[in-house]
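Trainee: Got a structure for you, questions after.
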Amino acid sequence: MMSSMSKVLKDNGERRDAISLHDRSILVEAGAGSGKTAIMAGRIAVMLAEGVSPRSIAAVTFTELAASELLSRVREFVANLTVGEIAAELHVALPDGLSQAQRDNLAAASAAIDEITCSTIHGFCQRLIKPYPAEANIDPGAGVMDRNQADLTFLEIVDGWLRERLSGGQGGILAEMVLHSPGETVALIHKIAENLRRRRMLAAPPVSLLDGHLTAFRQAAADFAGCMDGAAAAEPETVTIIERLTEMATALANDPDPATPAGLVRLLTSRPHPDLCTKAGAFASYRKKGKWAGAAKQAGLSKADGDPLNDAAEVHYTACCDAWVSLVQAAAAHALAALIDEARPILQRYRDHKHTSAQLDFDDLIFAARDLLRHHDAVRRALGHRFAHVLVDEFQDTDPLQTEIFWRLCGAPADGEDDWTAFRIRPGALFLVGDPKQAIYRFQGADVGAYLQARDAFRTQNAGSLLSISTNFRSCASILTFVNERFEAVLSADGQPGFTALDPFHDDRGGLCVAALDIAVADENGKASAEQQRDAEADAIAELCARLIESHPIIDRRSGAERPCQPGDIALLAPTGTELWRYEEALERRGIPVATQAGKGLFRRQEIQGLIALTRVLADRRDTLALGALLRGPLVGLTEEELLDIVWGLPRSEEQPDRIPRLDLSIDAAIIAHPLAREVIERLQSLSPGAATARPHTNCSRRPWT
């Protein structure tokens, strides 16, 4: 306990430095439950007390919710400090209270707290580029698409490009792969296009010459056959394996040239002989030791003489298998590189669409801000003066591109070097809070390597600028002991960020820290349905919550005093929101108030996308993209072929007979031959704004192609 207390005391010293030393750039490694929001908000409050202008402060968080919570906490701290009340989280940084000058500074800053920039990285980048549209090479009036709108637009562009690319008898690797496996190939193109969109610098891995791999496999098969031909004994199953490998090598020699698309696809789709494979399609293991002992005995040798023959055969078989796998992998690498090259025009179409419609997506904001700071030094210095103090939360979830933005904004080139990794951070300009052990967003481009690089830079440039805070204020001692024991070996392994034990601030207060609930429910047959089991589980959890409320003591976060547990202190976590209503009903039956936060992916559901498309159609009668998405979606269910037939059947303009007509709500529904589409268009027109007041002939008189 004394050792733990000494760690906590040291941690409090680090916490004081993190909050109070606003004139020094600092990287804080804060473990789980260490109160990172309080550290960030406390540092901002102390900066305001020292006279730092709110307008010069920018706090970058991972989500908009976190940004609003951070700003709310800053307001709370400032309000309390202004009247002389020091929150418990700030006692360690302000042991002697505030001077009158600091109170005056806070009073002046309290009226301008809203001038603090507190947003996500995308919102922050938008603030960087907005005053400099010419330098950032963006349209001054460009709007920012929300993520769902950008996804739908990009999907339409990919589908349109695929239709064009696969029509007109065009050849190439894409056409050959579609002929072999259309569904998988189209899905692969969508995946490649999405990755190119998310990672603009994405490039195919280096490829090796296929001829070398072909030669290696043929030679391995020949060596296997030659070795066994000269052996003192023959094992029948091994002879069959050699025959099958020889057949595979012969087939490769007779296949089309792999330098051609057809030959490459033929090679890519080649499979080992079925006699050599398991049911899963992989090469079977070579296990013939007993067979070779029998073959040696039959040849007049001792059983022991079969062992070296078995070993030699196994080595050759493994070499053949490895050569085949390397050949197929090389073919896949060539195909991937070719498909990436084929898909790159999709990005240009997407860029052209955004340019003509004066729109930006979230990735544009990041790249535009990085390029602005990289190529315009005067702008970089001006923005560095404007945002003189930048605080970044959850820094472990940033990527190298975002790290470069912070380094260029808050640093200065060293000896004229333009390499941002060599920039020297200005004192007090950058405050980072993160924990490499919580880096879980690699699938979104986050790179813990960027965090480790920043940590090394801080450690090298400024002694004492790296602070480690390990005290956990959330969990009691026994829970943290369990966590430390389970994660120490895992996080200490090679390639991991390293392990730092979490130290408890709260001792165990008696009773169990973890409880397992036994759910026993059965009908007259001794069985229970899934619904009955879920209802029983919901009742048991609700009963546990009812027992905790007003009886289980907890420590109040604000006052530090002990108080009874309240409903708002309990959080129930579930893997899915499908059956949450059962728990809600069980809690409500016991008079326990409940608020549900579920469905973060709600707006990505297909039915919600259909409702969004419906709303867009009703808001803008000429939105053909939204109308097409609605008609093709589950609310209506038309196929793409039906939509193409409907558009193709619309009357053409006499002035422009080659121009394809537009299908939108301005059309005369009577000219649509498809009965379902005609009925849907008529209903939408009746719901569209202005439909009730427009004359009957208004919509009909408008030509559908204008």
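Here's how to read the names in the structure tokens: chain A, B, ... by the order shown, residue numbers from 1 in each chain, ligand numbers from 1 in the order shown.
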Please provide the set of residues having any atom within 12 Å of A:Glu417, restricted to only C-alpha atoms, with same-chain residues fewer than 6 positions apart removed, written as a list in words.
Mentor: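 Final neighbour list, sorted by chain and number: Arg374, Arg408, Gly411, Phe423 and Arg424 of chain A.
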Trainee: Please, could you write that set of residues out with all heavy atoms as a compact mmCIF listing (two decimals), in the first residue's frame?
Mentor:
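In the end it all went to part14.txt:
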```
# COMPACT_ATOMS: atom_id res chain seq x y z
N ARG A 374 1.98 23.09 -45.24
CA ARG A 374 3.24 22.61 -45.82
C ARG A 374 3.78 23.57 -46.87
O ARG A 374 4.99 23.80 -46.94
CB ARG A 374 3.02 21.22 -46.45
CG ARG A 374 4.23 20.70 -47.20
CD ARG A 374 3.93 19.40 -47.93
NE ARG A 374 3.84 18.26 -47.02
CZ ARG A 374 3.66 17.01 -47.44
NH1 ARG A 374 3.53 16.76 -48.74
NH2 ARG A 374 3.62 16.01 -46.58
N ARG A 408 3.41 21.12 -37.73
CA ARG A 408 3.67 22.31 -38.55
C ARG A 408 3.01 23.54 -37.96
O ARG A 408 3.55 24.65 -38.05
CB ARG A 408 3.17 22.08 -39.98
CG ARG A 408 4.01 21.06 -40.76
CD ARG A 408 3.60 21.00 -42.22
NE ARG A 408 4.43 20.06 -42.96
CZ ARG A 408 5.62 20.34 -43.46
NH1 ARG A 408 6.12 21.56 -43.32
NH2 ARG A 408 6.32 19.43 -44.11
N GLY A 411 5.02 24.20 -34.41
CA GLY A 411 6.47 24.16 -34.38
C GLY A 411 7.09 25.08 -35.40
O GLY A 411 6.42 25.86 -36.08
N PHE A 423 10.69 19.43 -36.83
CA PHE A 423 10.23 20.71 -36.30
C PHE A 423 10.39 20.74 -34.77
O PHE A 423 10.17 19.74 -34.09
CB PHE A 423 8.76 20.93 -36.65
CG PHE A 423 8.53 21.55 -38.00
CD1 PHE A 423 9.33 21.21 -39.08
CD2 PHE A 423 7.52 22.46 -38.19
CE1 PHE A 423 9.12 21.77 -40.33
CE2 PHE A 423 7.31 23.03 -39.43
CZ PHE A 423 8.12 22.68 -40.51
N ARG A 424 10.76 21.89 -34.27
CA ARG A 424 10.86 22.10 -32.83
C ARG A 424 9.57 22.77 -32.35
O ARG A 424 9.20 23.85 -32.83
CB ARG A 424 12.07 22.94 -32.47
CG ARG A 424 13.40 22.29 -32.83
CD ARG A 424 14.56 22.99 -32.14
NE ARG A 424 14.48 22.84 -30.69
CZ ARG A 424 14.95 21.77 -30.03
NH1 ARG A 424 15.51 20.78 -30.69
NH2 ARG A 424 14.86 21.72 -28.72
```
Trainee: Between A:Ile157, A:Ala332, A:Ala234, A:Ile667, which has the minimum distance to A:Pro651 (counting only C-alpha atoms)?
Mentor: A:Ile667
Trainee: A:Ala280: which residues within 12 Å, counting only C-alpha atoms, same-chain residues fewer than 5 positions away excluded, as a PyMOL selection string?
Mentor: chain A and resi 271-272+274
Trainee: I need the helix (DSSP H, G or I) residues of stretch 68-151 of chain A per DSSP on the backbone, written as number ranges by chain.
Mentor: A: 68-82, 88-90, 100-110, 113-115, 121-129, 133-136, 147-151
Trainee: Write out as a list of chain:residue names which residues come within 7 Å of stretch 259-269 of chain A when counting only C-alpha atoms, dropping same-chain ones fewer than 5 positions away.
Mentor: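 The residues that qualify are A:Gly172, A:Ile173, A:Glu176, A:Met177, A:Val328, A:Ala331, A:Ala332.
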Trainee: I need the residues from that last selection saved to file as a compact mmCIF listing (two decimals), in the first residue's frame (with N, CA, C and O atoms), if you can.
Mentor:
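Generated output (part_38.txt):
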```
# COMPACT_ATOMS: atom_id res chain seq x y z
N GLY A 172 -9.14 -6.20 -70.60
CA GLY A 172 -8.36 -5.89 -69.42
C GLY A 172 -8.61 -6.86 -68.29
O GLY A 172 -9.48 -7.75 -68.36
N ILE A 173 -7.85 -6.68 -67.22
CA ILE A 173 -7.92 -7.59 -66.09
C ILE A 173 -9.29 -7.56 -65.43
O ILE A 173 -9.82 -8.59 -64.99
N GLU A 176 -11.80 -9.62 -67.47
CA GLU A 176 -11.51 -11.05 -67.34
C GLU A 176 -11.95 -11.58 -65.98
O GLU A 176 -12.51 -12.68 -65.88
N MET A 177 -11.73 -10.82 -64.93
CA MET A 177 -12.12 -11.28 -63.60
C MET A 177 -13.64 -11.29 -63.44
O MET A 177 -14.19 -12.16 -62.78
N VAL A 328 0.97 -18.30 -56.55
CA VAL A 328 -0.40 -17.76 -56.50
C VAL A 328 -0.41 -16.39 -55.83
O VAL A 328 -1.13 -15.47 -56.25
N ALA A 331 0.78 -13.90 -58.30
CA ALA A 331 -0.29 -13.61 -59.27
C ALA A 331 -1.34 -12.68 -58.66
O ALA A 331 -1.83 -11.75 -59.33
N ALA A 332 -1.68 -12.91 -57.40
CA ALA A 332 -2.65 -12.04 -56.73
C ALA A 332 -2.11 -10.62 -56.61
O ALA A 332 -2.85 -9.64 -56.78
```
Trainee: Just checking: using only C-alpha atoms, which residue out of A:Arg16, A:His180, A:His355, A:His376 ends up closest to A:Glu135?
Mentor: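 Of A:Arg16, A:His180, A:His355, A:His376, the one nearest A:Glu135 is A:His376, counting only C-alpha atoms.
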Trainee: Which one is closest to A:Ala204: A:Leu391, A:Ile340, A:Ile19, A:Met145? Count only C-alpha atoms.
Mentor: A:Ile340
Trainee: I'd like the neighbourhood of A:Lys36 as a PyMOL selection string, where a residue qualifies if any of its atoms comes within 12 Å (using only C-alpha atoms), though same-chain residues fewer than 3 positions away should be ignored.
Mentor: chain A and resi 15+18-19+28-33+39-43+61+66+69-70+73+89+391-395+432-435+468-474
Trainee: Pick out the closest residue to A:Asp11 from this set: A:Leu502, A:Ile366, A:Val60, A:Ala232. Count only C-alpha atoms.
Mentor: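 The answer is A:Leu502, which sits nearest to A:Asp11.
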